file input05.txt (compact mmCIF, C-alpha atoms and all ligand atoms)
# COMPACT_ATOMS: atom_id res chain seq x y z
CA MET A 1 -28.28 2.91 -14.53
CA SER A 2 -25.66 0.18 -14.57
CA ARG A 3 -22.64 -0.80 -16.57
CA GLU A 4 -21.11 -4.27 -16.65
CA ALA A 5 -18.39 -6.51 -18.07
CA ALA A 6 -17.20 -10.09 -17.62
CA ALA A 7 -13.91 -11.95 -17.89
CA ILE A 8 -12.46 -15.45 -17.74
CA ALA A 9 -9.05 -16.15 -16.22
CA HIS A 10 -7.14 -19.33 -15.50
CA PRO A 11 -5.06 -20.23 -12.46
CA ASN A 12 -1.33 -20.52 -12.83
CA ILE A 13 1.20 -22.75 -11.16
CA ALA A 14 4.56 -21.28 -10.27
CA LEU A 15 7.63 -23.25 -11.28
CA SER A 16 9.87 -20.80 -9.45
CA LYS A 17 7.97 -19.58 -6.42
CA TYR A 18 7.05 -16.14 -5.17
CA TRP A 19 7.26 -16.18 -1.36
CA GLY A 20 7.98 -12.96 0.55
CA LYS A 21 7.15 -9.29 -0.02
CA ARG A 22 9.21 -6.13 -0.05
CA GLU A 23 8.79 -4.02 3.06
CA GLY A 24 7.00 -0.72 2.63
CA GLY A 25 3.62 -1.94 1.40
CA GLY A 26 2.11 -2.15 -2.05
CA ASN A 27 2.23 -5.97 -2.25
CA VAL A 28 5.57 -6.06 -4.07
CA PRO A 29 7.27 -9.47 -4.40
CA ALA A 30 10.76 -9.79 -2.91
CA VAL A 31 11.72 -12.59 -5.33
CA PRO A 32 11.03 -13.23 -9.03
CA SER A 33 8.67 -16.01 -10.10
CA LEU A 34 7.89 -17.96 -13.25
CA SER A 35 4.63 -19.76 -13.87
CA ILE A 36 2.51 -21.73 -16.31
CA THR A 37 -1.00 -20.43 -16.94
CA LEU A 38 -3.28 -23.46 -16.91
CA ALA A 39 -5.94 -24.34 -19.46
CA GLY A 40 -8.72 -26.58 -18.22
CA LEU A 41 -9.44 -24.74 -14.94
CA ALA A 42 -11.16 -21.36 -14.93
CA THR A 43 -12.65 -18.51 -12.92
CA ARG A 44 -15.54 -16.62 -14.52
CA THR A 45 -16.34 -13.20 -13.09
CA ARG A 46 -18.96 -10.57 -13.87
CA VAL A 47 -18.85 -7.01 -12.50
CA ARG A 48 -21.74 -4.55 -12.58
CA PHE A 49 -21.42 -0.97 -11.36
CA ASP A 50 -24.89 -0.04 -10.24
CA ASP A 51 -26.20 3.16 -8.63
CA ALA A 52 -28.78 1.15 -6.69
CA LEU A 53 -26.01 -0.39 -4.54
CA ALA A 54 -24.89 1.11 -1.21
CA ALA A 55 -21.82 -1.17 -0.89
CA ASP A 56 -19.78 -3.53 -3.05
CA GLU A 57 -21.18 -7.06 -3.06
CA LEU A 58 -19.41 -10.31 -3.85
CA SER A 59 -20.95 -13.66 -4.64
CA LEU A 60 -18.48 -16.58 -4.77
CA ASP A 61 -19.57 -19.87 -6.28
CA GLY A 62 -23.23 -18.92 -5.89
CA ARG A 63 -23.06 -17.79 -2.25
CA PRO A 64 -22.40 -14.41 -0.59
CA ALA A 65 -18.65 -14.28 0.16
CA ASP A 66 -17.34 -13.82 3.71
CA GLU A 67 -16.40 -10.29 4.77
CA GLY A 68 -12.65 -10.85 4.29
CA ALA A 69 -13.06 -11.85 0.64
CA ARG A 70 -15.59 -9.08 0.01
CA ALA A 71 -13.26 -6.45 1.48
CA ARG A 72 -10.34 -7.64 -0.71
CA ALA A 73 -12.53 -7.33 -3.80
CA ALA A 74 -13.72 -3.88 -2.64
CA GLU A 75 -10.08 -2.72 -2.37
CA LEU A 76 -9.48 -3.62 -6.01
CA LEU A 77 -12.74 -1.91 -6.98
CA ASP A 78 -11.63 1.22 -5.08
CA ARG A 79 -8.48 1.35 -7.24
CA VAL A 80 -10.58 1.00 -10.38
CA ARG A 81 -12.92 3.76 -9.21
CA ALA A 82 -9.97 6.05 -8.41
CA ALA A 83 -8.47 5.49 -11.88
CA SER A 84 -11.68 5.77 -13.89
CA GLY A 85 -13.87 8.27 -12.08
CA GLU A 86 -16.58 5.62 -11.77
CA GLN A 87 -18.26 6.27 -8.44
CA ARG A 88 -20.89 3.59 -8.13
CA ARG A 89 -20.55 0.46 -6.00
CA ALA A 90 -20.38 -2.85 -7.79
CA ALA A 91 -21.98 -6.26 -7.67
CA VAL A 92 -19.48 -9.04 -8.44
CA TRP A 93 -20.31 -12.66 -9.27
CA SER A 94 -17.44 -15.08 -9.48
CA ARG A 95 -17.36 -18.82 -10.02
CA ASN A 96 -14.48 -21.29 -10.02
CA ASP A 97 -14.71 -24.70 -11.64
CA PHE A 98 -12.13 -26.02 -9.10
CA PRO A 99 -11.92 -25.90 -5.24
CA THR A 100 -11.60 -22.35 -3.85
CA ALA A 101 -8.86 -21.40 -1.35
CA SER A 102 -7.18 -24.77 -1.29
CA GLY A 103 -3.72 -24.02 -2.60
CA LEU A 104 -4.99 -24.29 -6.16
CA ALA A 105 -4.25 -20.60 -6.67
CA SER A 106 -7.89 -19.56 -6.93
CA SER A 107 -6.74 -16.10 -5.81
CA ALA A 108 -4.61 -15.89 -8.97
CA SER A 109 -7.41 -16.55 -11.43
CA GLY A 110 -9.92 -14.80 -9.17
CA PHE A 111 -8.11 -11.47 -9.00
CA ALA A 112 -7.01 -11.66 -12.64
CA ALA A 113 -10.64 -12.10 -13.76
CA LEU A 114 -11.87 -9.45 -11.32
CA ALA A 115 -9.22 -6.92 -12.39
CA LEU A 116 -10.04 -7.36 -16.07
CA ALA A 117 -13.82 -7.36 -15.66
CA ALA A 118 -13.77 -4.38 -13.26
CA ALA A 119 -11.44 -2.31 -15.48
CA ARG A 120 -13.63 -2.95 -18.52
CA ALA A 121 -16.89 -2.33 -16.63
CA ALA A 122 -15.48 1.04 -15.53
CA GLY A 123 -14.57 1.89 -19.13
CA LEU A 124 -10.78 1.64 -18.65
CA ASP A 125 -9.07 0.74 -21.90
CA TRP A 126 -5.95 -0.64 -20.17
CA ASP A 127 -3.60 -3.12 -21.83
CA ALA A 128 -2.84 -6.49 -20.23
CA ALA A 129 0.28 -5.12 -18.48
CA ALA A 130 -1.73 -2.37 -16.76
CA VAL A 131 -4.42 -4.87 -15.69
CA SER A 132 -1.63 -7.20 -14.49
CA ASP A 133 -0.28 -4.43 -12.24
CA LEU A 134 -3.79 -3.87 -10.83
CA ALA A 135 -4.23 -7.61 -10.14
CA ARG A 136 -0.73 -7.79 -8.57
CA ARG A 137 -1.75 -5.31 -5.89
CA SER A 138 -4.37 -7.79 -4.63
CA SER A 139 -2.47 -11.03 -5.18
CA ALA A 140 0.95 -11.04 -6.81
CA SER A 141 0.40 -14.45 -8.41
CA ALA A 142 -2.71 -12.99 -10.10
CA ALA A 143 -0.48 -10.63 -12.11
CA ARG A 144 0.80 -13.69 -13.99
CA SER A 145 -2.65 -15.01 -14.95
CA LEU A 146 -3.27 -12.07 -17.28
CA PHE A 147 -0.88 -13.73 -19.73
CA GLY A 148 -0.87 -17.17 -21.31
CA GLY A 149 1.85 -19.80 -21.55
CA PHE A 150 5.00 -19.29 -19.48
CA VAL A 151 4.98 -16.03 -17.54
CA GLU A 152 7.46 -14.14 -15.39
CA LEU A 153 6.90 -11.68 -12.58
CA ALA A 154 10.09 -9.87 -11.57
CA ALA A 155 10.88 -8.98 -7.99
CA GLY A 156 10.30 -5.35 -7.09
CA PRO A 157 13.40 -3.25 -6.33
CA PRO A 158 14.47 -3.31 -2.64
CA ASP A 159 13.33 0.31 -2.26
CA ALA A 160 9.99 -0.28 -4.06
CA ARG A 161 7.28 2.20 -3.27
CA PRO A 162 3.56 1.31 -3.13
CA GLY A 163 2.75 3.39 -6.22
CA ASP A 164 5.38 1.76 -8.46
CA VAL A 165 4.11 -0.20 -11.46
CA LEU A 166 5.09 -3.88 -11.61
CA SER A 167 3.47 -6.16 -14.18
CA ALA A 168 4.06 -9.74 -15.23
CA ARG A 169 5.29 -10.47 -18.74
CA PRO A 170 4.90 -13.47 -21.05
CA LEU A 171 8.11 -15.43 -21.73
CA ALA A 172 6.95 -18.18 -24.09
CA PRO A 173 3.66 -19.35 -25.65
CA PRO A 174 1.71 -22.37 -24.33
CA ASP A 175 3.15 -24.80 -26.90
CA HIS A 176 6.76 -23.91 -26.05
CA LEU A 177 7.18 -27.03 -23.86
CA SER A 178 5.19 -30.26 -23.92
CA ILE A 179 4.11 -30.47 -20.28
CA ALA A 180 1.11 -31.69 -18.32
CA VAL A 181 0.30 -30.61 -14.78
CA LEU A 182 -1.43 -33.29 -12.69
CA VAL A 183 -3.06 -31.58 -9.72
CA CYS A 184 -3.35 -34.22 -7.01
CA VAL A 185 -6.19 -32.91 -4.84
CA THR A 186 -5.75 -34.10 -1.29
CA THR A 187 -8.53 -32.17 0.44
CA GLU A 188 -11.44 -29.96 -0.61
CA GLY A 189 -11.29 -27.78 2.51
CA PRO A 190 -9.96 -24.21 2.74
CA LYS A 191 -6.31 -23.74 3.72
CA ALA A 192 -5.37 -23.00 7.31
CA VAL A 193 -2.96 -20.10 6.74
CA GLY A 194 -3.41 -17.66 3.84
CA SER A 195 -0.36 -17.00 1.68
CA SER A 196 0.18 -13.41 2.90
CA ASP A 197 0.12 -14.53 6.54
CA GLY A 198 2.38 -17.46 5.70
CA MET A 199 4.88 -15.17 3.98
CA ARG A 200 4.84 -12.67 6.85
CA ALA A 201 5.45 -15.41 9.41
CA THR A 202 8.28 -16.86 7.29
CA MET A 203 10.00 -13.51 6.84
CA SER A 204 9.73 -12.55 10.51
CA ARG A 205 10.37 -15.91 12.21
CA SER A 206 12.12 -18.36 9.91
CA PRO A 207 15.83 -18.91 10.52
CA TYR A 208 15.97 -19.70 6.78
CA ALA A 209 14.20 -16.59 5.45
CA GLN A 210 17.43 -14.98 4.26
CA ALA A 211 18.63 -18.23 2.70
CA TRP A 212 15.37 -18.43 0.73
CA LEU A 213 15.61 -14.80 -0.42
CA GLU A 214 19.13 -15.48 -1.70
CA ALA A 215 18.40 -18.87 -3.31
CA ALA A 216 15.14 -17.93 -5.06
CA PRO A 217 16.54 -15.54 -7.70
CA ARG A 218 19.32 -18.02 -8.57
CA LEU A 219 16.85 -20.89 -9.00
CA HIS A 220 14.64 -18.58 -11.04
CA ALA A 221 17.42 -17.54 -13.44
CA ARG A 222 18.46 -21.15 -14.01
CA LEU A 223 14.86 -22.17 -14.56
CA ARG A 224 14.35 -19.44 -17.13
CA ASP A 225 17.43 -20.66 -19.03
CA ALA A 226 16.27 -24.29 -18.86
CA LEU A 227 12.85 -23.24 -20.15
CA ALA A 228 14.40 -21.31 -23.03
CA ALA A 229 16.42 -24.45 -23.88
CA ARG A 230 13.26 -26.62 -23.60
CA ASP A 231 15.15 -28.85 -21.16
CA PHE A 232 12.24 -30.62 -19.43
CA ARG A 233 14.35 -32.46 -16.86
CA GLU A 234 16.17 -29.32 -15.74
CA VAL A 235 12.92 -27.34 -15.59
CA GLY A 236 11.37 -30.08 -13.45
CA GLU A 237 14.34 -30.43 -11.10
CA LEU A 238 14.55 -26.67 -10.55
CA ALA A 239 10.78 -26.35 -10.04
CA GLU A 240 10.85 -29.06 -7.37
CA ALA A 241 13.91 -27.44 -5.76
CA SER A 242 12.15 -24.04 -5.65
CA ALA A 243 9.04 -25.51 -4.01
CA LEU A 244 11.04 -27.48 -1.44
CA ALA A 245 13.21 -24.47 -0.56
CA MET A 246 10.13 -22.26 -0.18
CA HIS A 247 8.40 -24.80 2.06
CA ALA A 248 11.55 -25.48 4.09
CA SER A 249 11.78 -21.78 4.91
CA ALA A 250 8.08 -21.68 5.82
CA ILE A 251 8.15 -24.90 7.87
CA ALA A 252 11.04 -23.53 9.94
CA ALA A 253 8.70 -20.69 10.96
CA GLY A 254 5.98 -23.19 11.90
CA VAL A 255 4.01 -22.61 8.70
CA LEU A 256 3.20 -26.14 7.61
CA TYR A 257 0.87 -26.63 4.62
CA TRP A 258 1.65 -30.30 4.12
CA THR A 259 -0.36 -33.29 5.28
CA GLY A 260 0.49 -36.97 5.23
CA ALA A 261 -1.05 -37.19 1.77
CA THR A 262 1.30 -34.45 0.53
CA LEU A 263 4.29 -36.54 1.61
CA ASP A 264 2.80 -39.70 0.10
CA VAL A 265 2.50 -37.96 -3.29
CA LEU A 266 6.06 -36.62 -3.00
CA GLY A 267 7.17 -40.21 -2.35
CA ALA A 268 5.23 -41.49 -5.38
CA VAL A 269 6.87 -38.85 -7.58
CA ARG A 270 10.31 -40.01 -6.40
CA ALA A 271 9.32 -43.60 -7.14
CA LEU A 272 8.22 -42.55 -10.64
CA ARG A 273 11.62 -40.96 -11.18
CA ALA A 274 13.41 -44.04 -9.86
CA SER A 275 11.53 -46.05 -12.51
CA GLY A 276 12.88 -43.72 -15.21
CA ALA A 277 9.94 -41.32 -15.64
CA ASP A 278 10.43 -37.55 -15.84
CA ALA A 279 8.07 -36.54 -13.01
CA TYR A 280 8.58 -33.59 -10.67
CA ALA A 281 6.51 -32.11 -7.86
CA THR A 282 5.58 -28.59 -6.86
CA ILE A 283 3.42 -27.39 -3.95
CA ASP A 284 1.84 -24.01 -3.21
CA ALA A 285 0.32 -22.69 0.03
CA GLY A 286 -1.81 -25.77 0.56
CA PRO A 287 -1.62 -29.56 0.81
CA HIS A 288 -2.06 -30.42 -2.88
CA VAL A 289 0.83 -31.61 -5.01
CA LYS A 290 1.07 -30.63 -8.65
CA VAL A 291 3.05 -33.16 -10.64
CA LEU A 292 4.85 -32.04 -13.79
CA VAL A 293 5.28 -34.65 -16.52
CA PRO A 294 5.87 -34.56 -20.28
CA ALA A 295 2.40 -34.42 -21.89
CA GLU A 296 2.82 -37.85 -23.49
CA ARG A 297 3.49 -39.42 -20.06
CA ALA A 298 0.42 -37.91 -18.36
CA ALA A 299 -1.85 -40.97 -18.64
CA SER A 300 0.63 -43.44 -17.14
CA ALA A 301 1.71 -41.05 -14.35
CA ARG A 302 -1.93 -40.44 -13.54
CA ASP A 303 -2.55 -44.18 -13.12
CA VAL A 304 0.26 -44.37 -10.55
CA LEU A 305 -0.78 -41.21 -8.66
CA ARG A 306 -4.44 -42.23 -8.50
CA SER A 307 -3.56 -45.14 -6.23
CA VAL A 308 -1.68 -42.98 -3.66
CA PRO A 309 -3.61 -42.99 -0.35
CA GLY A 310 -5.11 -39.57 0.36
CA VAL A 311 -5.38 -38.48 -3.28
CA ARG A 312 -9.06 -37.74 -3.77
CA ARG A 313 -8.95 -36.86 -7.41
CA ILE A 314 -6.56 -35.65 -10.06
CA LEU A 315 -7.17 -32.63 -12.28
CA GLU A 316 -5.16 -32.51 -15.47
CA ALA A 317 -4.12 -29.17 -16.95
CA SER A 318 -1.79 -27.98 -19.66
CA PRO A 319 -0.36 -24.58 -20.58
CA GLY A 320 -3.12 -22.28 -21.80
CA ASP A 321 -4.18 -18.75 -22.55
CA GLY A 322 -4.24 -15.60 -20.48
CA ALA A 323 -7.30 -13.78 -19.17
CA ARG A 324 -9.82 -12.42 -21.67
CA SER A 325 -12.99 -10.36 -21.68
CA VAL A 326 -16.16 -12.28 -22.47
CA SER A 327 -19.87 -11.56 -22.73
CA ALA A 328 -22.01 -12.05 -19.62
CA GLU A 329 -23.57 -15.09 -21.36
CA GLU A 330 -20.18 -16.69 -21.93
CA ALA A 331 -19.13 -15.97 -18.35
CA ALA A 332 -22.38 -17.63 -17.23
CA VAL A 333 -22.28 -16.35 -13.65
O1 LIG B 1 -0.48 -14.47 -4.87
P1 LIG B 1 -0.53 -14.96 -3.50
O2 LIG B 1 -0.46 -13.88 -2.50
O3 LIG B 1 -1.73 -15.86 -3.24
O4 LIG B 1 0.78 -15.88 -3.24
C1 LIG B 1 1.07 -17.02 -4.00
C2 LIG B 1 2.15 -17.80 -3.37
C3 LIG B 1 2.43 -19.16 -4.00
O5 LIG B 1 1.31 -19.66 -4.67
C4 LIG B 1 2.80 -20.15 -2.90
C5 LIG B 1 3.64 -19.09 -4.95
C6 LIG B 1 3.41 -18.51 -6.30
O6 LIG B 1 4.37 -17.95 -6.87
O7 LIG B 1 2.28 -18.61 -6.84
call {"tool": "encode", "arguments": {"input": "input05.txt", "output": "structure tokens", "more": "lines below"}}
Ligand code: PMV
result
Amino acid sequence: MSREAAAIAHPNIALSKYWGKREGGGNVPAVPSLSITLAGLATRTRVRFDDALAADELSLDGRPADEGARARAAELLDRVRAASGEQRRAAVWSRNDFPTASGLASSASGFAALALAAARAAGLDWDAAAVSDLARRSSASAARSLFGGFVELAAGPPDARPGDVLSARPLAPPDHLSIAVLVCVTTEGPKAVGSSDGMRATMSRSPYAQAWLEAAPRLHARLRDALAARDFREVGELAEASALAMHASAIAAGVLYWTGATLDVLGAVRALRASGADAYATIDAGPHVKVLVPAERAASARDVLRSVPGVRRILEASPGDGARSVSAEEAAV
């Protein structure tokens, strides 16, 4: 006997960054974040609870996943089993159409797709907010990928407890702002320091940890206002400021995700601005730079960025839809 379900989810890129967790466990963000869910890049995941299995299994991009990734998936599956009464172990197949673990937020789309597919396979009729809370426990950025367009995840309260519910919520639909995200891929390799380790090191060692925790909510609130006003320039400036403040706090703890190519792209984005273009950069826990431009300027910005040394290729994405259940055929994993 087996029971299965599949889901598609898209990565998201944070304009105001989540970096740092509340103490006390439960994977609760210490700062609010605001992201764009990206069309054009996807994770497809299929989950099958099967009484023939002795342990949860995870296949990533056609190969058995390493034990760390398998154990993180098994933790999410344990939560689904506890909530549903499903007792069987599960086989999980997941495929990304973009590089895994490279700062392209594959954990966001990965855990969003896994949470939705696993909940459905176990017969849980949860709404997107409940699935978002489940995904958030594995990767807080994944909570945002349940929803489309522009999405907010609030910080947890300072005294948050592991059992508290915290879901992302949609702020505006995909067509709210005309924006293209140019993902300048600088390496295909996995990142050196995972985001949870990077956050922990920043919070415990960075002389700027407190400054970041104070600045982040202010940047976030201003960014939300600028987004509501459809003020592209202000959104871009605040997004770049959030990324630079996050990385400055991390770098001061010795957590350095940037390479020479990262700096070269940052320089090219400044040159674009100096020439009058609205182009802004943001960077997650990896060396890639995501460049934000008005959709109608994407082609010309792309021409400039393509010639930056160290840029291997450029993926273009725009605001898109949240995670959805699909048939196993449509998931094609
Ligand atoms: O969701 P996590 O644990 O992979 O952390 C994501 C952290 C950043 O991508 C750097 C920022 C963000 O808000 O997505």
call {"tool": "residues_near_ligand", "arguments": {"input": "input05.txt", "ligand": "ligand LIG 1 (chain B)", "cutoff": "7 Å", "atoms": "all atoms listed in the file", "output": "PyMOL selection string"}}
result
chain A and resi 13-14+16-19+33+103+105+107-108+139-142+195-196+284-285
call {"tool": "write_last_selection", "arguments": {"input": "input05.txt", "atoms": "C-alpha atoms", "output": "PDB file, keeping the file's coordinate frame"}}
result
ATOM      1  CA  ILE A  13       1.200 -22.750 -11.160  1.00  0.00           C
ATOM      2  CA  ALA A  14       4.560 -21.280 -10.270  1.00  0.00           C
ATOM      3  CA  SER A  16       9.870 -20.800  -9.450  1.00  0.00           C
ATOM      4  CA  LYS A  17       7.970 -19.580  -6.420  1.00  0.00           C
ATOM      5  CA  TYR A  18       7.050 -16.140  -5.170  1.00  0.00           C
ATOM      6  CA  TRP A  19       7.260 -16.180  -1.360  1.00  0.00           C
ATOM      7  CA  SER A  33       8.670 -16.010 -10.100  1.00  0.00           C
ATOM      8  CA  GLY A 103      -3.720 -24.020  -2.600  1.00  0.00           C
ATOM      9  CA  ALA A 105      -4.250 -20.600  -6.670  1.00  0.00           C
ATOM     10  CA  SER A 107      -6.740 -16.100  -5.810  1.00  0.00           C
ATOM     11  CA  ALA A 108      -4.610 -15.890  -8.970  1.00  0.00           C
ATOM     12  CA  SER A 139      -2.470 -11.030  -5.180  1.00  0.00           C
ATOM     13  CA  ALA A 140       0.950 -11.040  -6.810  1.00  0.00           C
ATOM     14  CA  SER A 141       0.400 -14.450  -8.410  1.00  0.00           C
ATOM     15  CA  ALA A 142      -2.710 -12.990 -10.100  1.00  0.00           C
ATOM     16  CA  SER A 195      -0.360 -17.000   1.680  1.00  0.00           C
ATOM     17  CA  SER A 196       0.180 -13.410   2.900  1.00  0.00           C
ATOM     18  CA  ASP A 284       1.840 -24.010  -3.210  1.00  0.00           C
ATOM     19  CA  ALA A 285       0.320 -22.690   0.030  1.00  0.00           C
TER      20      ALA A 285
END
call {"tool": "residues_near_point", "arguments": {"input": "input05.txt", "point": "(6.6, -32.6, -9.3)", "cutoff": "6 Å", "atoms": "all atoms listed in the file", "output": "list in words"}}
result
Glu240, Ala279, Tyr280, Ala281, Thr282, Lys290, Val291 and Leu292 of chain A
call {"tool": "atom_distance", "arguments": {"input": "input05.txt", "atom1": "atom CA of Arg224 of chain A", "atom2": "atom CA of Ala143 of chain A"}}
result
18.0 Å
call {"tool": "residues_around", "arguments": {"input": "input05.txt", "residues": "Gly40 of chain A", "least_positions_apart": "3", "cutoff": "8 Å", "atoms": "only C-alpha atoms", "output": "list of chain:residue names"}}
result
A:His10, A:Glu316, A:Ala317, A:Ser318, A:Gly320
call {"tool": "residues_near_point", "arguments": {"input": "input05.txt", "point": "(-21.6, -9.7, -17.5)", "cutoff": "10 Å", "atoms": "all atoms listed in the file", "output": "JSON, numbers by chain"}}
result
{"A": [3, 4, 5, 6, 7, 44, 45, 46, 47, 48, 92, 93, 117, 121, 325, 326, 327, 328, 329, 330, 331, 332, 333]}
call {"tool": "atom_distance", "arguments": {"input": "input05.txt", "atom1": "atom CA of Asp66 of chain A", "atom2": "atom CA of Ala42 of chain A"}}
result
21.0 Å
call {"tool": "residues_around", "arguments": {"input": "input05.txt", "residues": "Ala9 of chain A", "least_positions_apart": "4", "cutoff": "6 Å", "atoms": "only C-alpha atoms", "output": "MDAnalysis selection string"}}
result
chainID A and resid 42:43 109 113 323
call {"tool": "atom_distance", "arguments": {"input": "input05.txt", "atom1": "atom CA of Cys184 of chain A", "atom2": "atom CA of Arg233 of chain A"}}
result
20.3 Å
call {"tool": "closest_residue", "arguments": {"input": "input05.txt", "among": "A:Leu146, A:Ala39, A:Ser249, A:Ser275", "to": "Ala201 of chain A", "atoms": "all atoms listed in the file"}}
result
A:Ser249
call {"tool": "residues_around", "arguments": {"input": "input05.txt", "residues": "Ala253 of chain A", "least_positions_apart": "4", "cutoff": "10 Å", "atoms": "only C-alpha atoms", "output": "ChimeraX atom specification"}}
result
/A:198-209,247-249
call {"tool": "write_last_selection", "arguments": {"input": "input05.txt", "atoms": "C-alpha atoms", "output": "short mmCIF file (atom, residue, chain, number, x, y, z; two decimals), in the frame of the given file"}}
result
data_model
loop_
_atom_site.label_atom_id
_atom_site.label_comp_id
_atom_site.auth_asym_id
_atom_site.auth_seq_id
_atom_site.Cartn_x
_atom_site.Cartn_y
_atom_site.Cartn_z
CA GLY A 198 2.38 -17.46 5.70
CA MET A 199 4.88 -15.17 3.98
CA ARG A 200 4.84 -12.67 6.85
CA ALA A 201 5.45 -15.41 9.41
CA THR A 202 8.28 -16.86 7.29
CA MET A 203 10.00 -13.51 6.84
CA SER A 204 9.73 -12.55 10.51
CA ARG A 205 10.37 -15.91 12.21
CA SER A 206 12.12 -18.36 9.91
CA PRO A 207 15.83 -18.91 10.52
CA TYR A 208 15.97 -19.70 6.78
CA ALA A 209 14.20 -16.59 5.45
CA HIS A 247 8.40 -24.80 2.06
CA ALA A 248 11.55 -25.48 4.09
CA SER A 249 11.78 -21.78 4.91
#
call {"tool": "residues_around", "arguments": {"input": "input05.txt", "residues": "segment 259-262 of chain A", "least_positions_apart": "5", "cutoff": "7 Å", "atoms": "all atoms listed in the file", "output": "ChimeraX atom specification"}}
result
/A:186,287-289,309-311
call {"tool": "residues_around", "arguments": {"input": "input05.txt", "residues": "segment 150-160 of chain A", "least_positions_apart": "5", "cutoff": "6 Å", "atoms": "all atoms listed in the file", "output": "PyMOL selection string"}}
result
chain A and resi 28-36+144+168-172
call {"tool": "write_last_selection", "arguments": {"input": "input05.txt", "atoms": "C-alpha atoms", "output": "PDB file, in the frame of the given file"}}
result
ATOM      1  CA  VAL A  28       5.570  -6.060  -4.070  1.00  0.00           C
ATOM      2  CA  PRO A  29       7.270  -9.470  -4.400  1.00  0.00           C
ATOM      3  CA  ALA A  30      10.760  -9.790  -2.910  1.00  0.00           C
ATOM      4  CA  VAL A  31      11.720 -12.590  -5.330  1.00  0.00           C
ATOM      5  CA  PRO A  32      11.030 -13.230  -9.030  1.00  0.00           C
ATOM      6  CA  SER A  33       8.670 -16.010 -10.100  1.00  0.00           C
ATOM      7  CA  LEU A  34       7.890 -17.960 -13.250  1.00  0.00           C
ATOM      8  CA  SER A  35       4.630 -19.760 -13.870  1.00  0.00           C
ATOM      9  CA  ILE A  36       2.510 -21.730 -16.310  1.00  0.00           C
ATOM     10  CA  ARG A 144       0.800 -13.690 -13.990  1.00  0.00           C
ATOM     11  CA  ALA A 168       4.060  -9.740 -15.230  1.00  0.00           C
ATOM     12  CA  ARG A 169       5.290 -10.470 -18.740  1.00  0.00           C
ATOM     13  CA  PRO A 170       4.900 -13.470 -21.050  1.00  0.00           C
ATOM     14  CA  LEU A 171       8.110 -15.430 -21.730  1.00  0.00           C
ATOM     15  CA  ALA A 172       6.950 -18.180 -24.090  1.00  0.00           C
TER      16      ALA A 172
END
call {"tool": "decode", "arguments": {"input": "input05.txt", "residues": "segment 49-60 of chain A", "atoms": "N, CA and C atoms", "output": "short mmCIF file (atom, residue, chain, number, x, y, z; two decimals), in the first residue's frame"}}
result
data_model
loop_
_atom_site.label_atom_id
_atom_site.label_comp_id
_atom_site.auth_asym_id
_atom_site.auth_seq_id
_atom_site.Cartn_x
_atom_site.Cartn_y
_atom_site.Cartn_z
N PHE A 49 4.34 7.83 0.62
CA PHE A 49 4.39 7.03 1.86
C PHE A 49 4.15 5.59 1.47
N ASP A 50 5.04 4.72 1.95
CA ASP A 50 5.04 3.36 1.43
C ASP A 50 5.40 2.39 2.55
N ASP A 51 4.54 1.38 2.80
CA ASP A 51 4.85 0.49 3.94
C ASP A 51 5.98 -0.48 3.64
N ALA A 52 6.50 -0.46 2.42
CA ALA A 52 7.66 -1.31 2.11
C ALA A 52 8.98 -0.65 2.55
N LEU A 53 8.91 0.62 2.98
CA LEU A 53 10.16 1.34 3.30
C LEU A 53 10.48 1.25 4.79
N ALA A 54 11.79 1.04 5.10
CA ALA A 54 12.21 0.98 6.50
C ALA A 54 12.68 2.36 6.98
N ALA A 55 13.02 3.24 6.06
CA ALA A 55 13.50 4.59 6.41
C ALA A 55 13.09 5.55 5.30
N ASP A 56 13.04 6.86 5.64
CA ASP A 56 12.75 7.85 4.61
C ASP A 56 13.92 7.90 3.63
N GLU A 57 13.58 8.07 2.37
CA GLU A 57 14.61 8.15 1.32
C GLU A 57 14.44 9.45 0.57
N LEU A 58 15.57 10.01 0.13
CA LEU A 58 15.50 11.26 -0.64
C LEU A 58 16.41 11.18 -1.85
N SER A 59 15.83 11.40 -3.00
CA SER A 59 16.60 11.52 -4.24
C SER A 59 16.57 12.98 -4.68
N LEU A 60 17.76 13.56 -4.88
CA LEU A 60 17.86 14.97 -5.30
C LEU A 60 18.49 15.03 -6.68
#
